[in-house]
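Undergrad: Okay, handing you the structure first.
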Amino acid sequence: MQLKPIYTETNDCKDCYKCIRECPSKAIKVSNNMASVVHELCIYCGHCVAICPTGAKKVRDGISRTKLLLKDKKAVYVSLAPSYAAEYGRDAKKILNSLHALGFAGVSETALGAQEVSKQIAQYLKARQKGAFLSSACPVVVELVRKYYPQHTMAITPYMSPMLTHARMLRQWYGQDIGVVFIGPCIGKKSEADDAKLVDVAITFQELNDWLTGEEKKNQAAQDETGGFVPHEADAGVLYPLDGGMVKTIKQEQSYGESTFMSFTGQKMVRNVLDNLEDLGHDQAIFLELMACEGGCLNGPGMSAKSNIAARYSHIQNCHSQRKQNNTPELKDLQIVNIERDFFNIPAVEKEIFRGEQVKEALHSIGKNSVADELNCSGCGYDSCRDFAQALLSGNAESAMCISYMRMVAHHKATILLQKIPSGVVIIDDDCKVVEMNRSFARLMGNDTELCFEANPGMRGADLNKLGTFATLFKTALLTGKEYYELPITENNKNLQLSIFNIQKHKLVTGIIQSAQQPEFRKDIVEKRTRDVIKKNMETVQKIAFLLGENASYTDSLLNSILEAQNQEHA
């Protein structure tokens with residue numbers, strides 16, 4: 001079974017859920033704390049590859065297959081996407097020489113296929129008086145329509161993309177047995193090439209750059225002139241990577257009738273158009289050029305990041321201006337190419353419908369027992385708690401992805417630890433207010449404090465000055481960052497030992513008070529129980545640390561600092 005265009009390197013995945021948050025299709029499944037692509041839902045826009053902070057989302061390698069093709073085929077031709085001018089700028093001509101040095105028989109412009117597509121679409125539109133028609137050039141948009149808007153499939157103009165059209169042209173010119181390798185900015189082209197079989201391999205500019213890096217022939221190839229594009233340069237087709245570039249080439253055909261043209265880029269905009277497509281085309285024919293990447297193909301995920309968007313746009317415009325001056329002739333002996341096709345080879349997504357009771361039960365499993373509990377914080381990657389609940393039901397998510405739920409679990413574990421420790425433990429902030437206190441501490445402070453604890457477990461917000469005579473020691477520790485161990489103090493006629501140590505210097509300190517008559521608690525009980533709970537709590541803390549930062553690591557810091565204090569006392 002062939003590897004899909006996008007996959008996850010599971011050892012690199014740190015379950016940060018960024019890919020889920022950023023994926024418009026939510027085509028990600030989390031299992032065993034690792035995120036993988038759900039290919040039935042994926043439209044191969046490549047956005048997850050671009051934004052993954054650890055590089056765990058990978059693009060299927062096409063270089064190895066290309067090298068094998070060069071060995072197996074007598075002649076292999078490159079179909080070079082018109083956005084090459086944006087990728088390579090002033091060095092665009094050198095790339096032809098580098099490709100010849102790699103062993104390709106010739107390099108041809110995909111823009112030639114784009115021009116043929118524009119010509120046939122213009123004729124198609126001329127015969128239409130009304131209706132909304134969608135471009136078929138962007139494979140990501142085609143996947144999006146087929147999988148999520150199947151009701152609009154018939155609106156896609158029934159022609160191949162420029163890549164497939166050009167591949168068919170190349171085979172007509174140079175023979176059906178040649179190899180064809182597409183090079184461009186689009187990851188989605190890999191999926192399109194897999195389905196159509198006209199292109200043997202599709203690789204990105206980034207893959208090509210990686211291939212060329214370290215090639216001994218590269219520097220020599222950049223100097224040796226090996227000719228230009230075959231069979232000749234393209235003309236208006238070089239504008240296709242730009243927002244509205246396809247529309248411009250169609251209008252140059254002068255035969256598109258009375259159609260109206262619009263262009264939209266970026267998935268958010270494209271989805272908005274598709275959501276409301278029924279409102280268009282009732283009185284006239286409307287052609288919609290839709291591209292998934294914002295700004296067009298010159299901003300595709302397979303581009304390298306060495307130039308800004310304005311520079312890329314300028315390079316393509318300059319390329320077109322030069323072509324107009326050269327008056328590139330049409331290839332006169334070209335036979336008519338049949339580029340008609342349909343798009344029913346891509347199955348639509350069957351959305352699962354869950355009953356209200358099922359969703360409610362899933363919400364209960366993550367501590368969402370009322371509408372007020374549904375924070376809709378998107379920490380899990382989904383837009384709402386109910387969306388997340390449905391992902392749980394479909395098997396694409398795990399309850400541990402809910403950050404508020406995991407924080408609650410971690411807090412409960414820390415609270416249980418504090419209450420089980422026989423020593424008195426109190427945590428004080430820089431305002432000398434109680435953050436957390438256990439029952440043992442309240443008991444040691446006397447009946448009044450213990451009664452207050454019963455009414456307000458944890459005593460959060462209580463004034464330290466009202467708890468005992470040792471407030472000055474805590475204030476000094478907060479101010480100076482100094483720590484104290486086994487200081488003798490007397491409270492309520494009890495001889496006690498007080499240790500104060502930092503959780504966060506000048507921000508949070510913890511005090512442990514023990515009866516001087518029961519020192520065995522320090523080692524035999526406190527240390528053992530602390531170690532046990534730290535071990536059990538570590539997995540939870542690590543799970544939420546990435547997204548919650550300081551708040552998540554607080555529990556871990558507290559537990560370890562208590563243990564460290566105990567060890568220092570016995571050192």
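If you're wondering about the labels, chains in the structure tokens are A, B, ... by order shown, residues count from 1 in each chain, ligands from 1 in order shown.
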Find the spatial neighbours of segment 373-387 of chain A, counting only C-alpha atoms, within a cut-off of 9 Å - ignore same-chain residues fewer than 2 positions away - and output them as a list in words.
TA: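 Residues meeting the cut-off are Cys16, Tyr17, Lys18, Cys19, Ile20, Arg21, Glu22, Cys23, Lys26, Val359, Lys360, Ala362, Leu363, Gly367, Lys368, Asn369, Ser370, Val371, Ala389, Gln390, Ala391, Leu392, Ala397, Ala400, Met401, Cys402, Ile403, Ser404 and Leu547 of chain A.
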Undergrad: Name the residues in contact with Pro139 of chain A at a cut-off of 7 Å, using only C-alpha atoms, excluding same-chain residues fewer than 6 positions from it; report them as a list in words.
TA: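 After dropping sequence-adjacent residues, the list is Gly188, Lys189 and Glu192 of chain A.
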Undergrad: Out of segment 163-333 of chain A, which residues get strand (DSSP E) from DSSP, as a PDB file with C-alpha atoms, in the first residue's frame?
TA:
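Final output, result29.pdb:
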ATOM      1  CA  GLY A 179       8.453   9.531 -17.504  1.00  0.00           C
ATOM      2  CA  VAL A 180       6.845  12.743 -16.230  1.00  0.00           C
ATOM      3  CA  VAL A 181       7.843  14.436 -12.962  1.00  0.00           C
ATOM      4  CA  PHE A 182       5.912  17.462 -11.742  1.00  0.00           C
ATOM      5  CA  ILE A 183       7.782  19.997  -9.604  1.00  0.00           C
ATOM      6  CA  GLY A 184       5.843  22.715  -7.855  1.00  0.00           C
ATOM      7  CA  VAL A 201       5.960  11.533  -9.484  1.00  0.00           C
ATOM      8  CA  ALA A 202       5.074  14.929  -7.991  1.00  0.00           C
ATOM      9  CA  ILE A 203       7.657  16.675  -5.808  1.00  0.00           C
ATOM     10  CA  THR A 204       7.794  20.095  -4.180  1.00  0.00           C
ATOM     11  CA  THR A 260     -18.662  37.064 -14.861  1.00  0.00           C
ATOM     12  CA  PHE A 261     -15.386  36.164 -13.155  1.00  0.00           C
ATOM     13  CA  MET A 262     -14.349  36.100  -9.509  1.00  0.00           C
ATOM     14  CA  SER A 263     -11.283  34.815  -7.686  1.00  0.00           C
ATOM     15  CA  PHE A 264     -10.875  33.822  -4.032  1.00  0.00           C
ATOM     16  CA  THR A 265      -7.892  32.418  -2.150  1.00  0.00           C
ATOM     17  CA  ALA A 285     -22.752  32.405 -15.814  1.00  0.00           C
ATOM     18  CA  ILE A 286     -20.214  33.002 -13.036  1.00  0.00           C
ATOM     19  CA  PHE A 287     -16.760  31.454 -13.048  1.00  0.00           C
ATOM     20  CA  LEU A 288     -15.053  31.156  -9.657  1.00  0.00           C
ATOM     21  CA  GLU A 289     -11.299  30.725  -9.520  1.00  0.00           C
ATOM     22  CA  LEU A 290     -10.699  29.125  -6.126  1.00  0.00           C
ATOM     23  CA  MET A 291      -7.273  28.444  -4.602  1.00  0.00           C
TER      24      MET A 291
END
Undergrad: Can you tell me, as an MDAnalysis selection string, what residues are no more than 8 Å from segment 482-485 of chain A when counting only C-alpha atoms, ignoring any on the same chain fewer than 4 positions away?
TA: chainID A and resid 476:478 498:502 565 569
Undergrad: Using N, CA, C and O atoms, can you export the residues from the last selection as a PDB file, in the first residue's frame?
TA:
ATOM      1  N   THR A 476      10.165  37.397  55.029  1.00  0.00           N
ATOM      2  CA  THR A 476      11.605  37.480  54.759  1.00  0.00           C
ATOM      3  C   THR A 476      12.001  36.516  53.648  1.00  0.00           C
ATOM      4  O   THR A 476      12.795  36.852  52.751  1.00  0.00           O
ATOM      5  N   ALA A 477      11.445  35.302  53.682  1.00  0.00           N
ATOM      6  CA  ALA A 477      11.748  34.317  52.642  1.00  0.00           C
ATOM      7  C   ALA A 477      11.293  34.813  51.275  1.00  0.00           C
ATOM      8  O   ALA A 477      11.992  34.636  50.263  1.00  0.00           O
ATOM      9  N   LEU A 478      10.101  35.430  51.219  1.00  0.00           N
ATOM     10  CA  LEU A 478       9.602  35.965  49.944  1.00  0.00           C
ATOM     11  C   LEU A 478      10.456  37.114  49.454  1.00  0.00           C
ATOM     12  O   LEU A 478      10.753  37.236  48.256  1.00  0.00           O
ATOM     13  N   LEU A 498       9.703  24.492  61.827  1.00  0.00           N
ATOM     14  CA  LEU A 498       9.224  25.117  60.583  1.00  0.00           C
ATOM     15  C   LEU A 498      10.327  25.123  59.533  1.00  0.00           C
ATOM     16  O   LEU A 498      11.453  25.557  59.817  1.00  0.00           O
ATOM     17  N   SER A 499      10.012  24.641  58.344  1.00  0.00           N
ATOM     18  CA  SER A 499      10.911  24.749  57.183  1.00  0.00           C
ATOM     19  C   SER A 499      10.188  25.555  56.109  1.00  0.00           C
ATOM     20  O   SER A 499       8.996  25.336  55.849  1.00  0.00           O
ATOM     21  N   ILE A 500      10.906  26.502  55.511  1.00  0.00           N
ATOM     22  CA  ILE A 500      10.331  27.341  54.450  1.00  0.00           C
ATOM     23  C   ILE A 500      11.234  27.235  53.225  1.00  0.00           C
ATOM     24  O   ILE A 500      12.453  27.439  53.334  1.00  0.00           O
ATOM     25  N   PHE A 501      10.685  26.930  52.073  1.00  0.00           N
ATOM     26  CA  PHE A 501      11.493  26.835  50.854  1.00  0.00           C
ATOM     27  C   PHE A 501      10.719  27.379  49.668  1.00  0.00           C
ATOM     28  O   PHE A 501       9.491  27.542  49.708  1.00  0.00           O
ATOM     29  N   ASN A 502      11.449  27.671  48.625  1.00  0.00           N
ATOM     30  CA  ASN A 502      10.882  28.348  47.452  1.00  0.00           C
ATOM     31  C   ASN A 502      10.251  27.366  46.471  1.00  0.00           C
ATOM     32  O   ASN A 502      10.816  26.310  46.189  1.00  0.00           O
ATOM     33  N   ALA A 565      13.010  19.448  50.076  1.00  0.00           N
ATOM     34  CA  ALA A 565      13.165  20.000  51.421  1.00  0.00           C
ATOM     35  C   ALA A 565      13.390  18.891  52.449  1.00  0.00           C
ATOM     36  O   ALA A 565      14.213  19.013  53.355  1.00  0.00           O
ATOM     37  N   GLU A 569      16.797  18.289  54.808  1.00  0.00           N
ATOM     38  CA  GLU A 569      16.748  18.213  56.266  1.00  0.00           C
ATOM     39  C   GLU A 569      17.539  17.014  56.786  1.00  0.00           C
ATOM     40  O   GLU A 569      18.082  17.039  57.893  1.00  0.00           O
TER      41      GLU A 569
END
Undergrad: Just give me the gap between atom CA of Lys494 of chain A and atom CA of Phe441 of chain A in Å, one decimal is fine.
TA: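 Pair atom CA of Lys494 of chain A / atom CA of Phe441 of chain A returns 12.7 Å.
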Undergrad: Excluding Asn299 of chain A and its own-chain neighbours fewer than 2 positions away, which residues fall within 10 Å of it when counting only C-alpha atoms? Please give them as a count of residues only.
TA: 22
Undergrad: List the spatial neighbours of Val145 of chain A as a PyMOL selection string - criterion: any atom at most 12 Å away, only C-alpha atoms, same-chain residues fewer than 4 positions off excluded.
TA: chain A and resi 25+41-43+134-136+138-141+149-156+267+270-271+273-275+277+290-292+343-344+346-349
Undergrad: Go ahead and save the picked residues with N, CA and C atoms, as a CSV table (one decimal), in the first residue's frame.
TA:
chain,number,residue,atom,x,y,z
A,25,SER,N,-10.3,21.0,8.4
A,25,SER,CA,-11.1,19.8,8.2
A,25,SER,C,-11.1,18.9,9.4
A,41,LEU,N,-10.5,12.1,5.6
A,41,LEU,CA,-11.0,13.4,5.9
A,41,LEU,C,-10.1,14.5,5.3
A,42,CYS,N,-8.8,14.1,5.0
A,42,CYS,CA,-7.8,15.1,4.7
A,42,CYS,C,-8.0,15.6,3.2
A,43,ILE,N,-7.7,16.9,3.0
A,43,ILE,CA,-7.7,17.5,1.7
A,43,ILE,C,-6.3,17.8,1.2
A,134,LEU,N,-16.9,26.2,-11.0
A,134,LEU,CA,-15.7,26.2,-10.2
A,134,LEU,C,-14.5,25.8,-11.0
A,135,SER,N,-13.4,26.4,-10.7
A,135,SER,CA,-12.1,26.0,-11.4
A,135,SER,C,-11.7,24.6,-10.8
A,136,SER,N,-11.0,23.9,-11.7
A,136,SER,CA,-10.5,22.6,-11.3
A,136,SER,C,-9.0,22.6,-11.1
A,138,CYS,N,-6.9,23.8,-8.7
A,138,CYS,CA,-6.4,23.5,-7.4
A,138,CYS,C,-6.8,22.1,-6.9
A,139,PRO,N,-6.0,21.2,-6.7
A,139,PRO,CA,-6.4,19.8,-6.2
A,139,PRO,C,-6.9,19.9,-4.8
A,140,VAL,N,-6.5,20.8,-4.0
A,140,VAL,CA,-7.0,20.9,-2.6
A,140,VAL,C,-8.5,21.3,-2.6
A,141,VAL,N,-8.8,22.3,-3.5
A,141,VAL,CA,-10.2,22.8,-3.6
A,141,VAL,C,-11.1,21.6,-4.1
A,149,TYR,N,-18.4,19.2,0.2
A,149,TYR,CA,-19.5,19.8,-0.5
A,149,TYR,C,-19.9,19.0,-1.7
A,150,PRO,N,-20.2,17.8,-1.6
A,150,PRO,CA,-20.4,16.9,-2.8
A,150,PRO,C,-21.6,17.4,-3.6
A,151,GLN,N,-22.5,18.2,-3.0
A,151,GLN,CA,-23.6,18.7,-3.8
A,151,GLN,C,-23.2,19.7,-4.9
A,152,HIS,N,-21.9,20.2,-4.8
A,152,HIS,CA,-21.4,21.1,-5.8
A,152,HIS,C,-20.4,20.5,-6.8
A,153,THR,N,-20.3,19.1,-6.7
A,153,THR,CA,-19.4,18.5,-7.6
A,153,THR,C,-19.6,18.8,-9.1
A,154,MET,N,-20.9,18.9,-9.5
A,154,MET,CA,-21.2,19.1,-10.9
A,154,MET,C,-20.9,20.6,-11.3
A,155,ALA,N,-20.6,21.4,-10.3
A,155,ALA,CA,-20.2,22.8,-10.6
A,155,ALA,C,-18.8,22.9,-11.0
A,156,ILE,N,-18.0,21.9,-10.7
A,156,ILE,CA,-16.5,21.9,-11.1
A,156,ILE,C,-16.4,21.8,-12.6
A,267,GLN,N,-8.4,29.1,2.5
A,267,GLN,CA,-9.5,28.1,2.8
A,267,GLN,C,-10.7,28.8,3.4
A,270,VAL,N,-12.6,30.4,0.6
A,270,VAL,CA,-13.2,29.4,-0.3
A,270,VAL,C,-14.3,28.7,0.4
A,271,ARG,N,-14.2,28.3,1.6
A,271,ARG,CA,-15.3,27.7,2.3
A,271,ARG,C,-16.6,28.6,2.4
A,273,VAL,N,-17.4,30.8,0.2
A,273,VAL,CA,-18.0,30.8,-1.1
A,273,VAL,C,-18.8,29.5,-1.3
A,274,LEU,N,-18.3,28.4,-0.9
A,274,LEU,CA,-19.0,27.1,-1.1
A,274,LEU,C,-20.2,27.0,-0.2
A,275,ASP,N,-20.1,27.6,0.9
A,275,ASP,CA,-21.3,27.6,1.8
A,275,ASP,C,-22.5,28.3,1.3
A,277,LEU,N,-22.9,28.9,-2.3
A,277,LEU,CA,-22.8,28.8,-3.7
A,277,LEU,C,-24.2,28.8,-4.4
A,290,LEU,N,-10.9,29.4,-7.5
A,290,LEU,CA,-10.7,29.1,-6.1
A,290,LEU,C,-9.3,28.5,-5.9
A,291,MET,N,-8.6,29.0,-5.0
A,291,MET,CA,-7.3,28.4,-4.6
A,291,MET,C,-7.2,28.3,-3.1
A,292,ALA,N,-6.7,27.2,-2.6
A,292,ALA,CA,-6.7,27.0,-1.2
A,292,ALA,C,-5.7,27.8,-0.4
A,343,PHE,N,-15.1,14.1,-11.5
A,343,PHE,CA,-14.4,14.2,-10.2
A,343,PHE,C,-15.1,13.2,-9.2
A,344,PHE,N,-15.7,12.1,-9.7
A,344,PHE,CA,-16.4,11.2,-8.8
A,344,PHE,C,-15.5,10.1,-8.3
A,346,ILE,N,-13.3,10.7,-6.0
A,346,ILE,CA,-13.0,11.1,-4.6
A,346,ILE,C,-14.3,10.9,-3.8
A,347,PRO,N,-14.3,9.9,-2.9
A,347,PRO,CA,-15.5,9.7,-2.1
A,347,PRO,C,-15.8,10.8,-1.1
A,348,ALA,N,-17.1,11.1,-1.0
A,348,ALA,CA,-17.5,12.2,0.0
A,348,ALA,C,-17.4,11.7,1.4
A,349,VAL,N,-17.2,12.6,2.3
A,349,VAL,CA,-17.1,12.3,3.8
A,349,VAL,C,-18.5,12.0,4.3
Undergrad: Considering only C-alpha atoms, state which residue in the set A:Ala127, A:Gln115, A:Ser365, A:Ser255 is at the smallest distance from Phe388 of chain A.
TA: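 Closest to Phe388 of chain A, using only C-alpha atoms: A:Ser365.
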Undergrad: Compare A:Ser64, A:Ile187, A:Leu393, A:Ser118 by their minimum atom-to-atom distance to Tyr7 of chain A, counting only C-alpha atoms, and give me the closest one.
TA: A:Ile187
Undergrad: Just the helix (DSSP H, G or I) stuff from segment 160-384 of chain A, please, per backbone DSSP, written as a PyMOL selection string.
TA: chain A and resi 162-174+188-196+205-212+218-223+236-239+245-251+267-275+277-279+297-299+309-326+356-365+371-373
Undergrad: Please save C-alpha atoms of the selected residues as a compact mmCIF listing (two decimals), in the first residue's frame.
TA:
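What follows is the written file selection_21.txt:
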# COMPACT_ATOMS: atom_id res chain seq x y z
CA PRO A 162 -2.91 22.29 -15.74
CA MET A 163 -0.56 19.63 -14.33
CA LEU A 164 -2.49 16.70 -15.78
CA THR A 165 -3.19 18.55 -19.03
CA HIS A 166 0.50 19.30 -19.47
CA ALA A 167 1.44 15.69 -18.70
CA ARG A 168 -0.92 14.51 -21.42
CA MET A 169 0.59 17.07 -23.83
CA LEU A 170 4.12 15.91 -23.01
CA ARG A 171 3.20 12.31 -23.72
CA GLN A 172 1.60 13.34 -26.99
CA TRP A 173 4.75 15.22 -28.01
CA TYR A 174 7.47 12.83 -26.83
CA GLY A 188 -1.94 18.22 -2.91
CA LYS A 189 -0.47 17.50 -6.36
CA LYS A 190 0.99 14.30 -4.95
CA SER A 191 -2.50 12.98 -4.27
CA GLU A 192 -3.73 14.15 -7.67
CA ALA A 193 -0.80 12.43 -9.39
CA ASP A 194 -1.52 9.20 -7.50
CA ASP A 195 -5.12 9.14 -8.74
CA ALA A 196 -4.70 10.24 -12.36
CA PHE A 205 10.30 22.87 -4.65
CA GLN A 206 11.53 22.21 -1.13
CA GLU A 207 12.22 18.58 -2.02
CA LEU A 208 14.07 19.67 -5.15
CA ASN A 209 16.17 22.12 -3.14
CA ASP A 210 17.08 19.38 -0.67
CA TRP A 211 18.04 17.13 -3.56
CA LEU A 212 20.22 19.76 -5.18
CA LYS A 218 25.15 21.62 -8.99
CA ASN A 219 27.79 24.35 -9.26
CA GLN A 220 28.92 23.19 -12.68
CA ALA A 221 25.33 22.92 -13.89
CA ALA A 222 24.64 26.50 -12.86
CA GLN A 223 27.41 27.65 -15.23
CA ALA A 236 0.00 34.00 -20.21
CA GLY A 237 -0.02 30.69 -18.36
CA VAL A 238 2.82 31.94 -16.16
CA LEU A 239 0.23 34.06 -14.31
CA GLY A 245 -4.11 34.70 -12.77
CA MET A 246 -6.32 31.98 -14.23
CA VAL A 247 -9.10 34.50 -14.85
CA LYS A 248 -6.69 36.74 -16.77
CA THR A 249 -5.64 33.91 -19.06
CA ILE A 250 -9.27 32.95 -19.76
CA LYS A 251 -10.15 36.53 -20.62
CA GLN A 267 -9.53 28.11 2.77
CA LYS A 268 -11.61 30.41 4.95
CA MET A 269 -12.69 32.45 1.94
CA VAL A 270 -13.16 29.40 -0.27
CA ARG A 271 -15.34 27.65 2.29
CA ASN A 272 -17.45 30.79 2.64
CA VAL A 273 -18.02 30.77 -1.13
CA LEU A 274 -18.95 27.09 -1.12
CA ASP A 275 -21.27 27.56 1.85
CA LEU A 277 -22.80 28.81 -3.74
CA GLU A 278 -26.54 28.30 -4.21
CA ASP A 279 -26.99 32.08 -4.19
CA CYS A 297 0.09 29.04 -5.53
CA LEU A 298 3.10 31.30 -4.98
CA ASN A 299 2.36 30.82 -1.26
CA ILE A 309 5.19 37.24 -0.70
CA ALA A 310 5.66 40.61 -2.40
CA ALA A 311 8.98 39.52 -3.90
CA ARG A 312 7.43 36.30 -5.18
CA TYR A 313 4.58 38.21 -6.79
CA SER A 314 7.05 40.60 -8.41
CA HIS A 315 9.13 37.76 -9.88
CA ILE A 316 6.07 36.23 -11.58
CA GLN A 317 4.93 39.59 -12.95
CA ASN A 318 8.40 40.24 -14.33
CA CYS A 319 8.45 36.80 -15.93
CA HIS A 320 5.14 37.52 -17.67
CA SER A 321 6.32 40.93 -18.87
CA GLN A 322 9.40 39.40 -20.45
CA ARG A 323 7.33 36.73 -22.19
CA LYS A 324 5.03 39.37 -23.69
CA GLN A 325 8.06 41.19 -25.10
CA ASN A 326 9.41 37.98 -26.61
CA GLY A 356 -27.90 14.18 22.22
CA GLU A 357 -27.61 11.59 24.96
CA GLN A 358 -24.34 10.32 23.51
CA VAL A 359 -22.85 13.81 23.35
CA LYS A 360 -24.00 14.52 26.90
CA GLU A 361 -22.38 11.31 28.16
CA ALA A 362 -19.11 12.17 26.39
CA LEU A 363 -19.15 15.62 27.99
CA HIS A 364 -19.69 14.06 31.43
CA SER A 365 -16.58 11.91 30.89
CA VAL A 371 -23.34 24.27 30.10
CA ALA A 372 -21.30 26.46 32.46
CA ASP A 373 -18.57 23.78 32.43
Undergrad: I'd like to know which of A:Leu496, A:Asp342, A:Pro231, A:Lys119 is closest to Gln254 of chain A, using only C-alpha atoms.
TA: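 When distances to Gln254 of chain A are compared using only C-alpha atoms, the smallest one comes from A:Lys119.
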